[in-house]
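Undergrad: My structure is in run.cif, and what it holds is mmCIF, C-alpha atoms, pLDDT in the B column; chains and numbers go by the auth columns:
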```
data_data
loop_
_atom_site.group_PDB
_atom_site.id
_atom_site.type_symbol
_atom_site.label_atom_id
_atom_site.label_comp_id
_atom_site.label_asym_id
_atom_site.label_seq_id
_atom_site.Cartn_x
_atom_site.Cartn_y
_atom_site.Cartn_z
_atom_site.B_iso_or_equiv
_atom_site.auth_seq_id
_atom_site.auth_asym_id
ATOM 1 C CA MET A 1 92.756 117.112 98.628 96.00 8 A
ATOM 2 C CA ASP A 2 92.630 120.152 96.337 98.00 9 A
ATOM 3 C CA PHE A 3 95.798 122.029 95.398 98.00 10 A
ATOM 4 C CA ILE A 4 96.219 125.280 93.521 98.00 11 A
ATOM 5 C CA VAL A 5 98.964 125.532 90.903 98.00 12 A
ATOM 6 C CA LYS A 6 101.249 128.293 92.154 98.00 13 A
ATOM 7 C CA ALA A 7 103.772 127.843 89.360 98.00 14 A
ATOM 8 C CA ASN A 8 104.260 125.699 86.260 98.00 15 A
ATOM 9 C CA LEU A 9 107.922 125.796 85.266 97.00 16 A
ATOM 10 C CA LYS A 10 108.867 124.199 81.961 93.00 17 A
ATOM 11 C CA ARG A 11 111.979 122.043 82.031 86.00 18 A
ATOM 12 C CA GLY A 12 112.911 121.347 78.431 75.00 19 A
ATOM 13 C CA ASP A 13 110.400 120.024 75.939 79.00 20 A
ATOM 14 C CA ASN A 14 109.043 117.125 77.979 89.00 21 A
ATOM 15 C CA TYR A 15 109.027 118.126 81.640 93.00 22 A
ATOM 16 C CA SER A 16 107.171 120.536 83.895 96.00 23 A
ATOM 17 C CA LEU A 17 107.777 121.348 87.540 97.00 24 A
ATOM 18 C CA LEU A 18 104.427 121.982 89.203 98.00 25 A
ATOM 19 C CA LYS A 19 104.586 123.897 92.466 98.00 26 A
ATOM 20 C CA LEU A 20 101.322 123.349 94.326 98.00 27 A
ATOM 21 C CA ALA A 21 99.820 124.660 97.554 98.00 28 A
ATOM 22 C CA PRO A 22 96.808 123.276 99.449 98.00 29 A
ATOM 23 C CA VAL A 23 93.609 125.208 98.845 97.00 30 A
ATOM 24 C CA LYS A 24 92.759 124.699 102.522 94.00 31 A
ATOM 25 C CA GLY A 25 94.961 123.788 105.481 89.00 32 A
ATOM 26 C CA ASN A 26 98.533 122.525 105.446 88.00 33 A
ATOM 27 C CA MET A 27 100.268 119.690 103.699 92.00 34 A
ATOM 28 C CA PRO A 28 100.131 116.289 105.389 94.00 35 A
ATOM 29 C CA GLN A 29 103.509 114.904 106.410 94.00 36 A
ATOM 30 C CA VAL A 30 105.222 113.019 103.610 96.00 37 A
ATOM 31 C CA LYS A 31 108.329 110.872 103.379 97.00 38 A
ATOM 32 C CA PRO A 32 110.924 110.922 100.576 98.00 39 A
ATOM 33 C CA GLY A 33 109.974 108.313 98.020 98.00 40 A
ATOM 34 C CA GLN A 34 106.222 108.477 98.530 98.00 41 A
ATOM 35 C CA PHE A 35 103.970 109.456 95.635 98.00 42 A
ATOM 36 C CA VAL A 36 100.644 111.062 94.783 98.00 43 A
ATOM 37 C CA GLN A 37 97.755 110.270 92.439 97.00 44 A
ATOM 38 C CA VAL A 38 96.656 113.324 90.456 97.00 45 A
ATOM 39 C CA GLU A 39 93.332 113.653 88.683 96.00 46 A
ATOM 40 C CA VAL A 40 93.584 114.919 85.104 94.00 47 A
ATOM 41 C CA PRO A 41 91.185 117.866 84.974 89.00 48 A
ATOM 42 C CA ASN A 42 88.638 118.496 82.219 80.00 49 A
ATOM 43 C CA SER A 43 89.403 115.278 80.373 75.00 50 A
ATOM 44 C CA LYS A 44 86.716 113.016 78.896 69.00 51 A
ATOM 45 C CA SER A 45 89.206 110.340 77.845 75.00 52 A
ATOM 46 C CA THR A 46 91.599 110.165 80.807 79.00 53 A
ATOM 47 C CA TYR A 47 89.685 108.447 83.584 83.00 54 A
ATOM 48 C CA LEU A 48 92.474 107.287 85.864 89.00 55 A
ATOM 49 C CA ARG A 49 94.578 109.467 88.114 94.00 56 A
ATOM 50 C CA ARG A 50 98.270 109.703 87.285 94.00 57 A
ATOM 51 C CA PRO A 51 100.920 108.524 89.796 96.00 58 A
ATOM 52 C CA ILE A 52 103.673 111.116 90.301 97.00 59 A
ATOM 53 C CA SER A 53 106.676 110.948 92.639 97.00 60 A
ATOM 54 C CA ILE A 54 106.930 113.667 95.252 98.00 61 A
ATOM 55 C CA ASN A 55 109.841 115.881 94.285 98.00 62 A
ATOM 56 C CA TYR A 56 109.718 118.127 97.356 97.00 63 A
ATOM 57 C CA ALA A 57 107.261 118.895 100.128 97.00 64 A
ATOM 58 C CA ASP A 58 107.015 120.978 103.282 94.00 65 A
ATOM 59 C CA SER A 59 104.089 122.101 105.410 91.00 66 A
ATOM 60 C CA HIS A 60 102.956 124.611 102.781 93.00 67 A
ATOM 61 C CA GLU A 61 104.015 123.375 99.347 96.00 68 A
ATOM 62 C CA LEU A 62 104.223 120.303 97.119 98.00 69 A
ATOM 63 C CA TRP A 63 106.448 119.935 94.051 98.00 70 A
ATOM 64 C CA LEU A 64 105.743 117.442 91.275 98.00 71 A
ATOM 65 C CA LEU A 65 108.172 116.934 88.401 97.00 72 A
ATOM 66 C CA VAL A 66 105.976 115.644 85.571 96.00 73 A
ATOM 67 C CA ARG A 67 107.239 113.955 82.408 93.00 74 A
ATOM 68 C CA ARG A 68 105.064 114.292 79.321 92.00 75 A
ATOM 69 C CA ALA A 69 104.405 110.666 78.363 90.00 76 A
ATOM 70 C CA GLY A 70 100.813 110.608 77.118 90.00 77 A
ATOM 71 C CA ALA A 71 97.572 112.549 77.031 89.00 78 A
ATOM 72 C CA GLY A 72 97.148 112.582 80.821 92.00 79 A
ATOM 73 C CA THR A 73 100.610 113.802 81.731 93.00 80 A
ATOM 74 C CA ALA A 74 100.554 116.239 78.792 93.00 81 A
ATOM 75 C CA SER A 75 97.444 117.809 80.299 94.00 82 A
ATOM 76 C CA LEU A 76 99.144 118.061 83.700 96.00 83 A
ATOM 77 C CA CYS A 77 102.246 119.605 82.113 95.00 84 A
ATOM 78 C CA ASN A 78 99.995 122.278 80.661 94.00 85 A
ATOM 79 C CA ALA A 79 98.105 122.999 83.888 96.00 86 A
ATOM 80 C CA PRO A 80 97.767 126.805 84.064 97.00 87 A
ATOM 81 C CA GLU A 81 98.743 128.787 87.122 97.00 88 A
ATOM 82 C CA SER A 82 95.867 129.314 89.565 97.00 89 A
ATOM 83 C CA SER A 83 94.109 126.174 88.329 97.00 90 A
ATOM 84 C CA VAL A 84 93.118 123.520 90.873 98.00 91 A
ATOM 85 C CA LEU A 85 94.219 119.881 90.888 98.00 92 A
ATOM 86 C CA SER A 86 92.728 117.053 92.938 97.00 93 A
ATOM 87 C CA VAL A 87 95.554 115.079 94.584 98.00 94 A
ATOM 88 C CA VAL A 88 95.475 111.931 96.728 97.00 95 A
ATOM 89 C CA LEU A 89 98.472 111.816 99.101 97.00 96 A
ATOM 90 C CA PRO A 90 100.688 110.641 100.609 96.00 97 A
ATOM 91 C CA LEU A 91 100.752 107.148 99.116 97.00 98 A
ATOM 92 C CA GLY A 92 103.122 104.209 99.463 97.00 99 A
ATOM 93 C CA ASN A 93 106.225 103.620 101.537 97.00 100 A
ATOM 94 C CA GLY A 94 109.277 105.819 101.092 98.00 101 A
ATOM 95 C CA PHE A 95 113.029 105.506 101.419 98.00 102 A
ATOM 96 C CA THR A 96 114.788 104.711 104.675 97.00 103 A
ATOM 97 C CA THR A 97 116.092 107.915 106.243 97.00 104 A
ATOM 98 C CA ASP A 98 117.644 106.363 109.356 96.00 105 A
ATOM 99 C CA VAL A 99 121.006 105.663 107.751 95.00 106 A
ATOM 100 C CA LYS A 100 124.566 106.467 108.718 94.00 107 A
ATOM 101 C CA GLY A 101 127.841 106.834 106.875 97.00 108 A
ATOM 102 C CA THR A 102 127.979 107.653 103.182 98.00 109 A
ATOM 103 C CA ALA A 103 124.850 107.460 101.023 98.00 110 A
ATOM 104 C CA LEU A 104 124.953 107.371 97.235 98.00 111 A
ATOM 105 C CA LEU A 105 121.648 108.406 95.638 98.00 112 A
ATOM 106 C CA ILE A 106 121.444 107.279 92.010 98.00 113 A
ATOM 107 C CA GLY A 107 118.830 108.557 89.567 98.00 114 A
ATOM 108 C CA GLY A 108 118.183 108.337 85.869 95.00 115 A
ATOM 109 C CA GLY A 109 115.890 110.626 83.887 88.00 116 A
ATOM 110 C CA VAL A 110 112.788 111.684 85.805 91.00 117 A
ATOM 111 C CA GLY A 111 113.780 109.046 88.375 95.00 118 A
ATOM 112 C CA THR A 112 115.964 111.721 89.929 97.00 119 A
ATOM 113 C CA ALA A 113 112.830 113.507 91.209 97.00 120 A
ATOM 114 C CA PRO A 114 112.338 111.760 94.598 98.00 121 A
ATOM 115 C CA LEU A 115 116.063 111.840 95.361 98.00 122 A
ATOM 116 C CA LEU A 116 116.144 115.613 95.843 98.00 123 A
ATOM 117 C CA MET A 117 113.980 115.476 98.957 98.00 124 A
ATOM 118 C CA LEU A 118 115.712 112.330 100.199 98.00 125 A
ATOM 119 C CA GLY A 119 119.152 113.884 99.881 98.00 126 A
ATOM 120 C CA SER A 120 118.021 117.000 101.710 97.00 127 A
ATOM 121 C CA ARG A 121 116.633 114.942 104.610 97.00 128 A
ATOM 122 C CA LEU A 122 119.740 112.775 104.886 98.00 129 A
ATOM 123 C CA ALA A 123 122.147 115.717 104.710 97.00 130 A
ATOM 124 C CA ALA A 124 120.191 117.491 107.446 96.00 131 A
ATOM 125 C CA HIS A 125 120.818 114.462 109.683 95.00 132 A
ATOM 126 C CA GLY A 126 124.567 114.468 109.113 97.00 133 A
ATOM 127 C CA VAL A 127 124.778 111.782 106.431 98.00 134 A
ATOM 128 C CA ASP A 128 127.543 112.185 103.837 98.00 135 A
ATOM 129 C CA VAL A 129 125.359 112.415 100.719 98.00 136 A
ATOM 130 C CA HIS A 130 126.476 112.014 97.119 98.00 137 A
ATOM 131 C CA PHE A 131 124.200 112.185 94.083 98.00 138 A
ATOM 132 C CA LEU A 132 124.911 110.239 90.906 98.00 139 A
ATOM 133 C CA LEU A 133 122.641 111.529 88.141 98.00 140 A
ATOM 134 C CA GLY A 134 122.430 109.970 84.703 97.00 141 A
ATOM 135 C CA ALA A 135 120.912 111.084 81.404 95.00 142 A
ATOM 136 C CA ARG A 136 121.326 110.715 77.684 94.00 143 A
ATOM 137 C CA SER A 137 122.810 114.192 77.362 95.00 144 A
ATOM 138 C CA MET A 138 123.434 117.355 79.354 94.00 145 A
ATOM 139 C CA GLY A 139 120.085 118.826 78.289 90.00 146 A
ATOM 140 C CA ASP A 140 118.221 115.914 79.896 91.00 147 A
ATOM 141 C CA LEU A 141 119.619 116.529 83.383 94.00 148 A
ATOM 142 C CA LEU A 142 116.915 117.960 85.626 93.00 149 A
ATOM 143 C CA GLN A 143 117.246 120.335 88.606 96.00 150 A
ATOM 144 C CA LEU A 144 121.017 120.093 88.570 96.00 151 A
ATOM 145 C CA ASP A 145 121.350 123.417 90.400 96.00 152 A
ATOM 146 C CA LEU A 146 119.112 122.253 93.258 97.00 153 A
ATOM 147 C CA PHE A 147 120.987 118.977 93.621 98.00 154 A
ATOM 148 C CA ARG A 148 124.289 120.862 93.794 98.00 155 A
ATOM 149 C CA GLN A 149 122.890 123.085 96.552 98.00 156 A
ATOM 150 C CA THR A 150 122.079 119.952 98.566 97.00 157 A
ATOM 151 C CA ALA A 151 125.178 117.755 98.294 98.00 158 A
ATOM 152 C CA GLU A 152 128.040 116.685 96.036 98.00 159 A
ATOM 153 C CA VAL A 153 126.843 115.774 92.547 98.00 160 A
ATOM 154 C CA HIS A 154 128.354 113.287 90.113 98.00 161 A
ATOM 155 C CA VAL A 155 127.047 113.150 86.551 98.00 162 A
ATOM 156 C CA ALA A 156 127.059 110.534 83.808 98.00 163 A
ATOM 157 C CA THR A 157 125.806 111.271 80.295 98.00 164 A
ATOM 158 C CA GLU A 158 125.675 108.714 77.516 97.00 165 A
ATOM 159 C CA ASP A 159 127.037 111.180 74.953 97.00 166 A
ATOM 160 C CA GLY A 160 129.687 112.609 77.274 97.00 167 A
ATOM 161 C CA SER A 161 128.293 116.157 77.056 98.00 168 A
ATOM 162 C CA LEU A 162 128.691 116.551 80.828 98.00 169 A
ATOM 163 C CA GLY A 163 130.560 114.567 83.415 98.00 170 A
ATOM 164 C CA HIS A 164 131.469 110.911 82.938 98.00 171 A
ATOM 165 C CA LYS A 165 130.743 109.483 79.491 98.00 172 A
ATOM 166 C CA GLY A 166 128.640 106.364 79.807 97.00 173 A
ATOM 167 C CA LEU A 167 126.001 104.837 82.045 96.00 174 A
ATOM 168 C CA VAL A 168 125.782 105.591 85.761 96.00 175 A
ATOM 169 C CA THR A 169 126.885 102.019 86.471 96.00 176 A
ATOM 170 C CA THR A 170 130.302 102.788 84.930 97.00 177 A
ATOM 171 C CA HIS A 171 130.882 105.963 86.961 97.00 178 A
ATOM 172 C CA PRO A 172 134.013 105.806 89.193 97.00 179 A
ATOM 173 C CA VAL A 173 132.073 107.009 92.268 97.00 180 A
ATOM 174 C CA LEU A 174 130.479 103.560 92.493 94.00 181 A
ATOM 175 C CA ARG A 175 133.920 102.257 93.468 91.00 182 A
ATOM 176 C CA ASN A 176 134.035 104.542 96.515 94.00 183 A
ATOM 177 C CA GLU A 177 134.809 102.178 99.378 93.00 184 A
ATOM 178 C CA ASN A 178 133.084 104.443 101.907 96.00 185 A
ATOM 179 C CA ILE A 179 129.593 103.913 100.503 98.00 186 A
ATOM 180 C CA THR A 180 127.334 102.294 103.087 97.00 187 A
ATOM 181 C CA HIS A 181 123.909 102.864 101.546 98.00 188 A
ATOM 182 C CA ILE A 182 122.484 103.223 98.019 98.00 189 A
ATOM 183 C CA ALA A 183 119.092 104.570 97.006 98.00 190 A
ATOM 184 C CA CYS A 184 118.127 104.315 93.355 98.00 191 A
ATOM 185 C CA CYS A 185 115.275 105.353 91.069 98.00 192 A
ATOM 186 C CA GLY A 186 115.069 105.259 87.298 96.00 193 A
ATOM 187 C CA PRO A 187 114.719 102.844 84.377 95.00 194 A
ATOM 188 C CA MET A 188 114.423 99.194 85.393 96.00 195 A
ATOM 189 C CA PRO A 189 117.620 98.011 83.630 96.00 196 A
ATOM 190 C CA MET A 190 119.593 100.710 85.448 97.00 197 A
ATOM 191 C CA MET A 191 118.151 99.777 88.833 98.00 198 A
ATOM 192 C CA LYS A 192 118.829 96.075 88.292 97.00 199 A
ATOM 193 C CA ALA A 193 122.421 96.840 87.317 97.00 200 A
ATOM 194 C CA VAL A 194 122.901 99.026 90.401 98.00 201 A
ATOM 195 C CA ALA A 195 121.345 96.301 92.567 98.00 202 A
ATOM 196 C CA ALA A 196 123.820 93.752 91.200 97.00 203 A
ATOM 197 C CA ILE A 197 126.746 96.028 92.065 97.00 204 A
ATOM 198 C CA ALA A 198 125.348 96.641 95.552 98.00 205 A
ATOM 199 C CA ARG A 199 124.951 92.890 96.188 97.00 206 A
ATOM 200 C CA GLU A 200 128.452 92.183 94.960 96.00 207 A
ATOM 201 C CA ARG A 201 129.895 94.785 97.306 95.00 208 A
ATOM 202 C CA GLY A 202 127.604 94.019 100.252 96.00 209 A
ATOM 203 C CA ILE A 203 126.058 97.520 100.283 98.00 210 A
ATOM 204 C CA ASN A 204 122.558 98.072 101.615 98.00 211 A
ATOM 205 C CA CYS A 205 120.414 99.180 98.660 98.00 212 A
ATOM 206 C CA GLU A 206 116.864 100.407 98.112 98.00 213 A
ATOM 207 C CA VAL A 207 115.148 100.932 94.769 98.00 214 A
ATOM 208 C CA SER A 208 111.955 102.788 93.847 98.00 215 A
ATOM 209 C CA LEU A 209 109.911 100.768 91.368 97.00 216 A
ATOM 210 C CA GLU A 210 107.909 102.446 88.647 90.00 217 A
ATOM 211 C CA ASN A 211 105.417 99.670 87.852 93.00 218 A
ATOM 212 C CA MET A 212 102.208 100.687 86.129 90.00 219 A
ATOM 213 C CA MET A 213 99.794 101.991 88.782 91.00 220 A
ATOM 214 C CA ALA A 214 96.114 102.730 88.239 89.00 221 A
ATOM 215 C CA CYS A 215 94.477 103.139 91.647 92.00 222 A
ATOM 216 C CA GLY A 216 97.438 103.695 94.008 93.00 223 A
ATOM 217 C CA LEU A 217 95.528 101.912 96.775 90.00 224 A
ATOM 218 C CA GLY A 218 96.185 98.213 96.132 94.00 225 A
ATOM 219 C CA ALA A 219 92.763 97.488 94.638 94.00 226 A
ATOM 220 C CA CYS A 220 93.410 97.076 90.897 93.00 227 A
ATOM 221 C CA LEU A 221 96.417 94.695 91.217 93.00 228 A
ATOM 222 C CA CYS A 222 98.060 96.001 88.034 92.00 229 A
ATOM 223 C CA CYS A 223 101.333 96.977 89.764 96.00 230 A
ATOM 224 C CA VAL A 224 102.222 93.666 91.434 96.00 231 A
ATOM 225 C CA GLU A 225 105.859 92.655 91.893 96.00 232 A
ATOM 226 C CA ASP A 226 107.066 89.158 92.772 94.00 233 A
ATOM 227 C CA THR A 227 109.040 89.082 96.022 96.00 234 A
ATOM 228 C CA LYS A 228 111.166 86.377 97.609 95.00 235 A
ATOM 229 C CA ASP A 229 109.153 85.737 100.767 92.00 236 A
ATOM 230 C CA GLU A 230 105.686 87.165 100.149 93.00 237 A
ATOM 231 C CA GLY A 231 104.977 86.351 96.518 94.00 238 A
ATOM 232 C CA ASN A 232 103.185 89.025 94.516 95.00 239 A
ATOM 233 C CA VAL A 233 102.688 92.306 96.374 97.00 240 A
ATOM 234 C CA CYS A 234 101.260 95.633 95.248 97.00 241 A
ATOM 235 C CA VAL A 235 104.015 98.143 94.552 97.00 242 A
ATOM 236 C CA CYS A 236 101.672 101.044 95.322 97.00 243 A
ATOM 237 C CA THR A 237 101.079 99.901 98.914 97.00 244 A
ATOM 238 C CA GLU A 238 104.135 97.774 99.777 96.00 245 A
ATOM 239 C CA GLY A 239 106.467 100.090 97.860 97.00 246 A
ATOM 240 C CA PRO A 240 107.251 101.860 95.693 98.00 247 A
ATOM 241 C CA VAL A 241 110.520 101.632 97.616 98.00 248 A
ATOM 242 C CA PHE A 242 111.899 98.142 98.274 98.00 249 A
ATOM 243 C CA ASN A 243 115.094 96.830 99.742 98.00 250 A
ATOM 244 C CA ILE A 244 116.677 94.778 96.962 98.00 251 A
ATOM 245 C CA ASN A 245 116.873 91.775 99.298 97.00 252 A
ATOM 246 C CA ARG A 246 113.074 91.451 99.023 97.00 253 A
ATOM 247 C CA LEU A 247 113.049 91.322 95.231 97.00 254 A
ATOM 248 C CA LYS A 248 113.603 88.407 92.859 94.00 255 A
ATOM 249 C CA TRP A 249 116.256 90.225 90.872 91.00 256 A
#
```
Represent the structure contained in this file as structure tokens.

TA:
Amino acid sequence: MDFIVKANLKRGDNYSLLKLAPVKGNMPQVKPGQFVQVEVPNSKSTYLRRPISINYADSHELWLLVRRAGAGTASLCNAPESSVLSVVLPLGNGFTTDVKGTALLIGGGVGTAPLLMLGSRLAAHGVDVHFLLGARSMGDLLQLDLFRQTAEVHVATEDGSLGHKGLVTTHPVLRNENITHIACCGPMPMMKAVAAIARERGINCEVSLENMMACGLGACLCCVEDTKDEGNVCVCTEGPVFNINRLKW
């Protein structure tokens, strides 16, 4: 499906927020936590599409928060307004939205991207939503204003420049006894640490894995993850969101 770049908003030195609109028709329905595969235009060296989490979507618009990590994502970060991108979507399985009680959504770095849409959906259904966002420093926190418009935000920075000083796993909000559900996306060590806390406290927890994905369709088998009951499964089709009880963590 072709999308036109309506806006390319720089977020620091390494991130761009691409606001896209379908060239024809409306957006297909998407769920928080699903992702897209974007073709890198006009590149002779970047053959594979790039997997990007869906930051926000409605019937008319799609937001992608892209981190500059290599030649492919650098090209996407520099996509000019009015240019056209080829996007395959929606892909994968998203977060559970049929939850009750108090949900804590934990993100680190660009892993915060899919949590914005998830928090908005949950809050609209009456869930008590709290965000816990982590970064190295205040300047690395992304879309903080939009998160604050959605629900209560808690922040942890490693250098203490904003909020709690330390990792998200040391933030006091994790000791909130009212938490009934956790959703998490970010670096693998962070997600494993959050999963351990959730297991210890008996809290239902989902994580969004960021395994290397090439095709996004379960054909290349480069994103497999070992699960307890099913062995190796493709993260791009079975995930990227998994309940921690399925994983061998």

Undergrad: Applying the PyMOL selection byres ((chain A and resi 142) around 7) to the file I just gave you, which residues come out? Please list them as a compact mmCIF listing (two decimals) with C-alpha atoms, in the frame of the given file.

TA:
```txt
# COMPACT_ATOMS: atom_id res chain seq x y z
CA GLY A 115 118.18 108.34 85.87
CA GLY A 116 115.89 110.63 83.89
CA LEU A 140 122.64 111.53 88.14
CA GLY A 141 122.43 109.97 84.70
CA ARG A 143 121.33 110.72 77.68
CA SER A 144 122.81 114.19 77.36
CA ASP A 147 118.22 115.91 79.90
CA LEU A 148 119.62 116.53 83.38
CA ALA A 163 127.06 110.53 83.81
CA THR A 164 125.81 111.27 80.30
CA GLU A 165 125.68 108.71 77.52
```

Undergrad: Report, in Å with one decimal, the straight-line distance from atom CA of Val162 of chain A to atom CA of Val106 of chain A.

TA: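 About the pair atom CA of Val162 of chain A and atom CA of Val106 of chain A: they are 23.3 Å apart.
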
Undergrad: Hey, can you check how far atom CA of Pro39 of chain A sits from atom CA of Lys235 of chain A?

TA: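 Spanning atom CA of Pro39 of chain A to atom CA of Lys235 of chain A is a straight-line distance of 24.7 Å.
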
Undergrad: Name all residues at most 8 Å from Thr80 of chain A (count only C-alpha atoms; drop same-chain ones fewer than 5 positions away) and give them as an MDAnalysis selection string.

TA: chainID A and resid 47 57 73:75

Undergrad: Would you compute the distance between atom CA of Glu68 of chain A and atom CA of Lys13 of chain A? Give it in Å to one decimal.

TA: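 These two atoms are separated by 9.1 Å.
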
Undergrad: Which of these residues is nearest to Leu112 of chain A, using all atoms listed in the file: A:Gly126, A:Pro247, A:Gly173, A:Gly99?

TA: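 The answer is A:Gly126, which sits nearest to Leu112 of chain A.
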
Undergrad: So that I can see what lies close to Asn62 of chain A, please list as a list in words the residues with an atom at most 6 Å from it, counting all atoms listed in the file and leaving out residues fewer than 5 positions away in the same chain.

TA: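 Skipping anything fewer than 5 positions along the chain leaves Trp70, Leu71, Ala120 and Pro121 of chain A.
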
Undergrad: Got a sec to resolve the PyMOL selection byres ((chain A and resi 230) around 7) on this structure and send the residues as a list in words?

TA: Asn218, Met219, Met220, Leu228, Cys229, Val231, Glu232, Cys241, Val242 and Cys243 of chain A

Undergrad: At most 8 Å is the cut-off: for each residue in segment 81-180 of chain A with any atom that close to an atom of segment 14-24 of chain A, write down the nearest atom pair and the distance in Å rounded to one decimal, counting only C-alpha atoms, chain first then increasing number, as a tab-separated table.

TA:
```
residue	atom	partner	partner_atom	distance
A:Cys84	CA	A:Ser23	CA	5.3
A:Asn85	CA	A:Asn15	CA	7.8
A:Ala86	CA	A:Asn15	CA	7.1
A:Pro87	CA	A:Asn15	CA	6.9
A:Glu88	CA	A:Ala14	CA	5.6
A:Gly146	CA	A:Gly19	CA	7.6
A:Asp147	CA	A:Gly19	CA	7.7
A:Leu149	CA	A:Arg18	CA	7.3
```

Undergrad: Can you tell me, as a list in words, what residues are no more than 12 Å from Lys31 of chain A when counting all atoms listed in the file, ignoring any on the same chain fewer than 6 positions away?

TA: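 Result of the neighbour search: Met8, Asp9, Phe10, Ile11, Ser66, His67, Glu68 and Val91 of chain A.
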
Undergrad: Using only C-alpha atoms, determine which residues lie at most 8 Å from Gly223 of chain A, disregarding the query and same-chain residues fewer than 2 positions distant; provide the list as a PDB file with C-alpha atoms, in the coordinates of the input.

TA:
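Now in out05.pdb:
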```pdb
ATOM      1  CA  GLN A  44      97.755 110.270  92.439  1.00 97.00           C
ATOM      2  CA  PRO A  58     100.920 108.524  89.796  1.00 96.00           C
ATOM      3  CA  LEU A  98     100.752 107.148  99.116  1.00 97.00           C
ATOM      4  CA  GLY A  99     103.122 104.209  99.463  1.00 97.00           C
ATOM      5  CA  MET A 220      99.794 101.991  88.782  1.00 91.00           C
ATOM      6  CA  ALA A 221      96.114 102.730  88.239  1.00 89.00           C
ATOM      7  CA  GLY A 225      96.185  98.213  96.132  1.00 94.00           C
ATOM      8  CA  ALA A 226      92.763  97.488  94.638  1.00 94.00           C
ATOM      9  CA  CYS A 243     101.672 101.044  95.322  1.00 97.00           C
ATOM     10  CA  THR A 244     101.079  99.901  98.914  1.00 97.00           C
TER      11      THR A 244
END
```

Undergrad: Report, as lines of an AutoDock Vina configuration file, the centre and edge lengths in Å (one decimal) of the axis-aligned box enclosing every listed atom of segment 16-28 of chain A, padded by 4 Å on each side.

TA:
```
center_x = 106.4
center_y = 121.5
center_z = 86.7
size_x = 21.1
size_y = 16.7
size_z = 29.6
```

Undergrad: Give one line per residue of segment 32-95 of chain A that approaches segment 128-131 of chain A to at most 12 Å, naming the two atoms of the closest pair and their distance in Å to one decimal, counting all atoms listed in the file; sort by chain then ascending residue number and deliver it as a tab-separated table.

TA:
```
residue	atom	partner	partner_atom	distance
A:Val37	CA	A:Arg128	CA	11.6
A:Lys38	CA	A:Arg128	CA	9.3
A:Pro39	CA	A:Arg128	CA	8.1
A:Gly40	CA	A:Arg128	CA	11.5
A:Tyr63	CA	A:Arg128	CA	10.5
A:Ala64	CA	A:Arg128	CA	11.1
A:Asp65	CA	A:Arg128	CA	11.4
```

Undergrad: Using all atoms listed in the file, which residue out of A:His161, A:Pro29, A:His188, A:Tyr54 lies closest to Asp105 of chain A?

TA: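 Smallest distance to Asp105 of chain A is found for A:His188.
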
Undergrad: Using only C-alpha atoms, can you tell me which of A:Gly108, A:Gly101, A:Gly77, A:Gly114 comes closest to Gly193 of chain A?

TA: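 Among the listed residues, the smallest separation from Gly193 of chain A belongs to A:Gly114.
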
Undergrad: Selected by the PyMOL selection byres ((chain A and resi 113) around 10) in the shown coordinates: which residues, as a PyMOL selection string?

TA: chain A and resi 110-112+114-115+118-119+122+137-141+161-162+175-176+181+189-193+197-198+201+214

Undergrad: Given the selection you just returned, output its residues as a file containing C-alpha atoms, formatted as a PDB file, keeping the file's coordinate frame.

TA:
```
ATOM      1  CA  ALA A 110     124.850 107.460 101.023  1.00 98.00           C
ATOM      2  CA  LEU A 111     124.953 107.371  97.235  1.00 98.00           C
ATOM      3  CA  LEU A 112     121.648 108.406  95.638  1.00 98.00           C
ATOM      4  CA  GLY A 114     118.830 108.557  89.567  1.00 98.00           C
ATOM      5  CA  GLY A 115     118.183 108.337  85.869  1.00 95.00           C
ATOM      6  CA  GLY A 118     113.780 109.046  88.375  1.00 95.00           C
ATOM      7  CA  THR A 119     115.964 111.721  89.929  1.00 97.00           C
ATOM      8  CA  LEU A 122     116.063 111.840  95.361  1.00 98.00           C
ATOM      9  CA  HIS A 137     126.476 112.014  97.119  1.00 98.00           C
ATOM     10  CA  PHE A 138     124.200 112.185  94.083  1.00 98.00           C
ATOM     11  CA  LEU A 139     124.911 110.239  90.906  1.00 98.00           C
ATOM     12  CA  LEU A 140     122.641 111.529  88.141  1.00 98.00           C
ATOM     13  CA  GLY A 141     122.430 109.970  84.703  1.00 97.00           C
ATOM     14  CA  HIS A 161     128.354 113.287  90.113  1.00 98.00           C
ATOM     15  CA  VAL A 162     127.047 113.150  86.551  1.00 98.00           C
ATOM     16  CA  VAL A 175     125.782 105.591  85.761  1.00 96.00           C
ATOM     17  CA  THR A 176     126.885 102.019  86.471  1.00 96.00           C
ATOM     18  CA  LEU A 181     130.479 103.560  92.493  1.00 94.00           C
ATOM     19  CA  ILE A 189     122.484 103.223  98.019  1.00 98.00           C
ATOM     20  CA  ALA A 190     119.092 104.570  97.006  1.00 98.00           C
ATOM     21  CA  CYS A 191     118.127 104.315  93.355  1.00 98.00           C
ATOM     22  CA  CYS A 192     115.275 105.353  91.069  1.00 98.00           C
ATOM     23  CA  GLY A 193     115.069 105.259  87.298  1.00 96.00           C
ATOM     24  CA  MET A 197     119.593 100.710  85.448  1.00 97.00           C
ATOM     25  CA  MET A 198     118.151  99.777  88.833  1.00 98.00           C
ATOM     26  CA  VAL A 201     122.901  99.026  90.401  1.00 98.00           C
ATOM     27  CA  VAL A 214     115.148 100.932  94.769  1.00 98.00           C
TER      28      VAL A 214
END
```

Undergrad: Return the single residue from A:Ala203, A:Leu69, A:Leu254, A:Leu83 that is closest to Asn49 of chain A, with distances computed using only C-alpha atoms.

TA: A:Leu83
